[in-house]
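Written out below as structure tokens is the structure these notes cover.
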Amino acid sequence: LQRELDARAAEADRLRRQLDDLRGEHEGLRQTKDDEIAVLQAGMDHSIVAMANLKKQVGGNQGDLQRRLDAVLSEHALKLKRILDSILRSCADKADEAVFNLNDPGNPGNMTATVEHVLATIEQVHDLSKTLAASFAGYLTNPDGDQAQVIAAAVGLSNGLEHLLANMKGVSRFASGEDAVERIIKASRQTALVGRQFFTKGQSGAMDQLLASERHGVILDTNHELQQALGTLTTLAESLVRRDTKVSVTSSREDISDLVEREMLNAARAIDDAVARLQALANQPRDTSLSDRQVQVHDAILDSSMAMTNAIAQLIRAATASQQEIVAQGRGSSTKEAFYKKNNRWTEGLISAAKTVAVATNTLVETADGVIKGTRSLEHLVVAAREVSAATVQLVAAARVKSHFNSRTQERLELAAKAVTEASAHLVRATQRLTEKEETQATEDYDRLSNLEFKSKEMEQQVQILQLEKELVGARRRLAEMRRHGYHAEEDDSD
């Protein structure tokens, strides 16, 4: 029994030692696990701190980037504002230059301008003024928006005012009396000065002195004043048109589109008749009594006149195409008749310009015929050629009022007008050369004259110069008087 107890005690000691070993091993594993957890916790804490630092750094960089971006945008907006101010100052300078030319006694203005074209130009400036006011209103609502519309409208208005003043001074030659001329000049000057306020009040320096709520009102008031000034100009311009020569589409009972097409067709037919008449003159048998010199003169006149009338025929065709394109692009969903009535000033100006070209061309042909027959002088031919050139300018200007930017038909019209102008210049140069040759052949040999004869001839020339100067003054006075009484009546509708 003692031995069994000893054996059990030894077994119990062995088991106790084994348990202690297991406990020690478990404690080691637990300690290892705790160390690993501590390491992981330390790593996590470090990562959290690093992430917090990184987030803070990134937030700081984004703030710097945003501040830099805001600074760049602010600088860009300031540059755009300076550009706009510079363009507006340039427009104001152009208005000042137009007023200076208006006040300059030595500047007669556009002497080829017609009242119908002036009325169409007034209507164009009226539309440009409203466009600029609308563009300014949009810009003031969003100053950071697009400034291109404001710039385009401002440049268009300044150009329109410049052309309007030159044309108004030109048509003032039709006014009856100096008081009427002064009223036209004064109203034109006032219109330009009011239009100039668009360019001065729209600059940032002037706008910054106003409250945001007041800025729109300033632009609207300026537009209203300009519309009133243009209305005064319209009344003065209409008073220059004689009722028996006035072309009116609003009072016409026939279809307006048919009227316009008929008038353009009549102009084209008149040009074709003029070409045929010149061709008939060229095909006539030679007068055997003419000298070689006279034959050369006649041939030069016919060749130059034929080249000019052919160029005018091309011009009328180009003007018709331009007119059709303008109507097609401008009428939208409305009818052609509605477009013509809405833009009656332009329509009347276009018809009048086409008629003027036809009349001037016929006058040129008649003058060329008269020079050949000896009933007209070469100077008559020069005047007729210049009248054609002036009428061409008015036709192109009438079409340009409503033409679209980069229009191919308008470009062809401009090229056709250039061809007419070049042909006119060629005819004038050829005529002047013929005149110079005649004067050279008629030059007297003064070396053969005695002192008494030479002195007598010299006095005769001085007397002739005084007589010519007197006649010139009288002719200019009569011409001015004729222009003050209005246009010559054009061909009656029944012709």
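A note on labels: chains of the structure tokens are A, B, ... as shown, every chain counts residues from 1, and ligands are counted from 1 in their shown order.
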
Need the shell around Gly231 in chain A: protein/DNA/RNA residues with any atom at most 10 Å away, counting only C-alpha atoms. Skip same-chain ones fewer than 6 positions apart. Format as a PDB file with C-alpha atoms, in the first residue's frame?
ATOM      1  CA  ILE A 122     -30.335 105.474 -89.634  1.00  0.00           C
ATOM      2  CA  GLU A 123     -32.370 102.287 -89.332  1.00  0.00           C
ATOM      3  CA  HIS A 126     -31.097 102.151 -84.585  1.00  0.00           C
ATOM      4  CA  ALA A 187     -28.862 117.021 -85.098  1.00  0.00           C
ATOM      5  CA  THR A 191     -26.653 111.967 -82.349  1.00  0.00           C
ATOM      6  CA  GLU A 225     -31.705 109.175 -75.866  1.00  0.00           C
ATOM      7  CA  ALA A 237     -33.814 113.371 -93.755  1.00  0.00           C
TER       8      ALA A 237
END

Of the candidates A:Leu22, A:Leu466, A:Val401, A:Ala430, which one gets nearest to Ser322 in chain A if we count only C-alpha atoms?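 Smallest separation from Ser322 in chain A among the options: A:Val401.
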
Could you give me, as a tab-separated table, a per-residue list for range 76-147 of chain A showing, wherever an atom lies at most 12 Å from an atom of range 356-373 of chain A, the closest pair of atoms and their distance in Å to one decimal, using only C-alpha atoms and sorting by chain then residue number from low to high?
residue	atom	partner	partner_atom	distance
A:Thr112	CA	A:Thr356	CA	11.0
A:Ala113	CA	A:Thr356	CA	11.5
A:Thr114	CA	A:Thr356	CA	9.8
A:Glu116	CA	A:Thr356	CA	11.4
A:His117	CA	A:Thr356	CA	11.9

What would the file look like if the residues just selected were written as a PDB file, in the first residue's frame with N, CA and C atoms?
ATOM      1  N   THR A 112     -21.876 111.614-102.680  1.00  0.00           N
ATOM      2  CA  THR A 112     -22.663 110.691-103.497  1.00  0.00           C
ATOM      3  C   THR A 112     -23.818 110.077-102.726  1.00  0.00           C
ATOM      4  N   ALA A 113     -23.984 110.453-101.457  1.00  0.00           N
ATOM      5  CA  ALA A 113     -25.027 109.852-100.625  1.00  0.00           C
ATOM      6  C   ALA A 113     -26.403 110.289-101.097  1.00  0.00           C
ATOM      7  N   THR A 114     -27.346 109.386-100.970  1.00  0.00           N
ATOM      8  CA  THR A 114     -28.747 109.689-101.262  1.00  0.00           C
ATOM      9  C   THR A 114     -29.543 109.648 -99.969  1.00  0.00           C
ATOM     10  N   GLU A 116     -32.367 108.151 -99.441  1.00  0.00           N
ATOM     11  CA  GLU A 116     -32.862 106.794 -99.174  1.00  0.00           C
ATOM     12  C   GLU A 116     -31.795 105.960 -98.456  1.00  0.00           C
ATOM     13  N   HIS A 117     -30.556 106.107 -98.895  1.00  0.00           N
ATOM     14  CA  HIS A 117     -29.485 105.361 -98.229  1.00  0.00           C
ATOM     15  C   HIS A 117     -29.267 105.874 -96.803  1.00  0.00           C
TER      16      HIS A 117
END

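Atom pair CA of Ser135 in chain A / CA of Trp346 in chain A: separated by 24.3 Å.
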
Could you tell me which of A:Gln2, A:Thr222, A:Thr234, A:Gln461 comes closest to Ala133 in chain A if we count only C-alpha atoms? A:Thr222

So how far away is CA of Val420 in chain A from CA of Ser389 in chain A, in Å? 6.8 Å

What is the CA of Phe339 in chain A to CA of Val327 in chain A distance in Å?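 Between CA of Phe339 in chain A and CA of Val327 in chain A the gap works out to 6.9 Å.
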
I want to know what sits within 9 Å of Ala319 in chain A, based on only C-alpha atoms, with residues of the same chain fewer than 4 positions away left out; could you give that as an MDAnalysis selection string? chainID A and resid 264 314:315 323:324 354 395:396 399 409:410 412:413

Kindly save the residues from that selection, with C-alpha atoms included, as a PDB file, in the first residue's frame.
ATOM      1  CA  MET A 264     -34.356  95.170-110.199  1.00  0.00           C
ATOM      2  CA  GLN A 314     -22.376  92.160-113.818  1.00  0.00           C
ATOM      3  CA  LEU A 315     -22.952  94.563-110.934  1.00  0.00           C
ATOM      4  CA  GLN A 323     -30.819  91.102-102.444  1.00  0.00           C
ATOM      5  CA  GLN A 324     -32.301  87.610-102.798  1.00  0.00           C
ATOM      6  CA  ALA A 354     -30.695 100.400-108.659  1.00  0.00           C
ATOM      7  CA  LEU A 395     -25.889 100.445-104.663  1.00  0.00           C
ATOM      8  CA  VAL A 396     -23.181  98.521-102.842  1.00  0.00           C
ATOM      9  CA  ALA A 399     -26.907  96.145-100.058  1.00  0.00           C
ATOM     10  CA  THR A 409     -22.822  87.126-102.777  1.00  0.00           C
ATOM     11  CA  GLN A 410     -21.907  90.396-101.059  1.00  0.00           C
ATOM     12  CA  ARG A 412     -19.130  89.155-105.490  1.00  0.00           C
ATOM     13  CA  LEU A 413     -21.078  92.418-105.416  1.00  0.00           C
TER      14      LEU A 413
END

Compile the contact shell of Thr421 in chain A as a compact mmCIF listing (two decimals) with C-alpha atoms, in the first residue's frame: residues with an atom at most 12 Å away, counting only C-alpha atoms, same-chain residues fewer than 2 positions apart removed.
# COMPACT_ATOMS: atom_id res chain seq x y z
CA ALA A 307 -16.17 97.70 -120.84
CA MET A 308 -17.88 99.89 -118.28
CA THR A 309 -21.44 98.90 -119.23
CA ALA A 311 -19.10 95.66 -115.70
CA ILE A 312 -22.33 97.41 -114.68
CA LEU A 315 -22.95 94.56 -110.93
CA ALA A 385 -18.46 108.18 -115.87
CA ARG A 386 -18.05 109.66 -112.41
CA GLU A 387 -21.83 109.67 -111.94
CA VAL A 388 -21.89 105.96 -112.73
CA SER A 389 -19.12 105.33 -110.23
CA ALA A 390 -20.99 107.28 -107.54
CA ALA A 391 -24.23 105.40 -108.25
CA THR A 392 -22.32 102.12 -107.97
CA VAL A 393 -21.04 103.09 -104.54
CA VAL A 396 -23.18 98.52 -102.84
CA GLU A 414 -18.05 94.23 -103.98
CA LEU A 415 -15.83 92.76 -106.70
CA ALA A 416 -18.33 93.77 -109.39
CA ALA A 417 -18.44 97.30 -107.99
CA LYS A 418 -14.64 97.39 -107.99
CA ALA A 419 -14.67 96.37 -111.65
CA ALA A 423 -13.60 100.74 -115.73
CA SER A 424 -14.78 104.25 -114.88
CA ALA A 425 -11.27 105.28 -113.90
CA HIS A 426 -9.95 103.79 -117.14
CA LEU A 427 -12.52 105.74 -119.17
CA VAL A 428 -11.65 108.96 -117.34

Every residue of range 58-273 of chain A that DSSP places in helix (DSSP H, G or I), as a count of residues only: 174
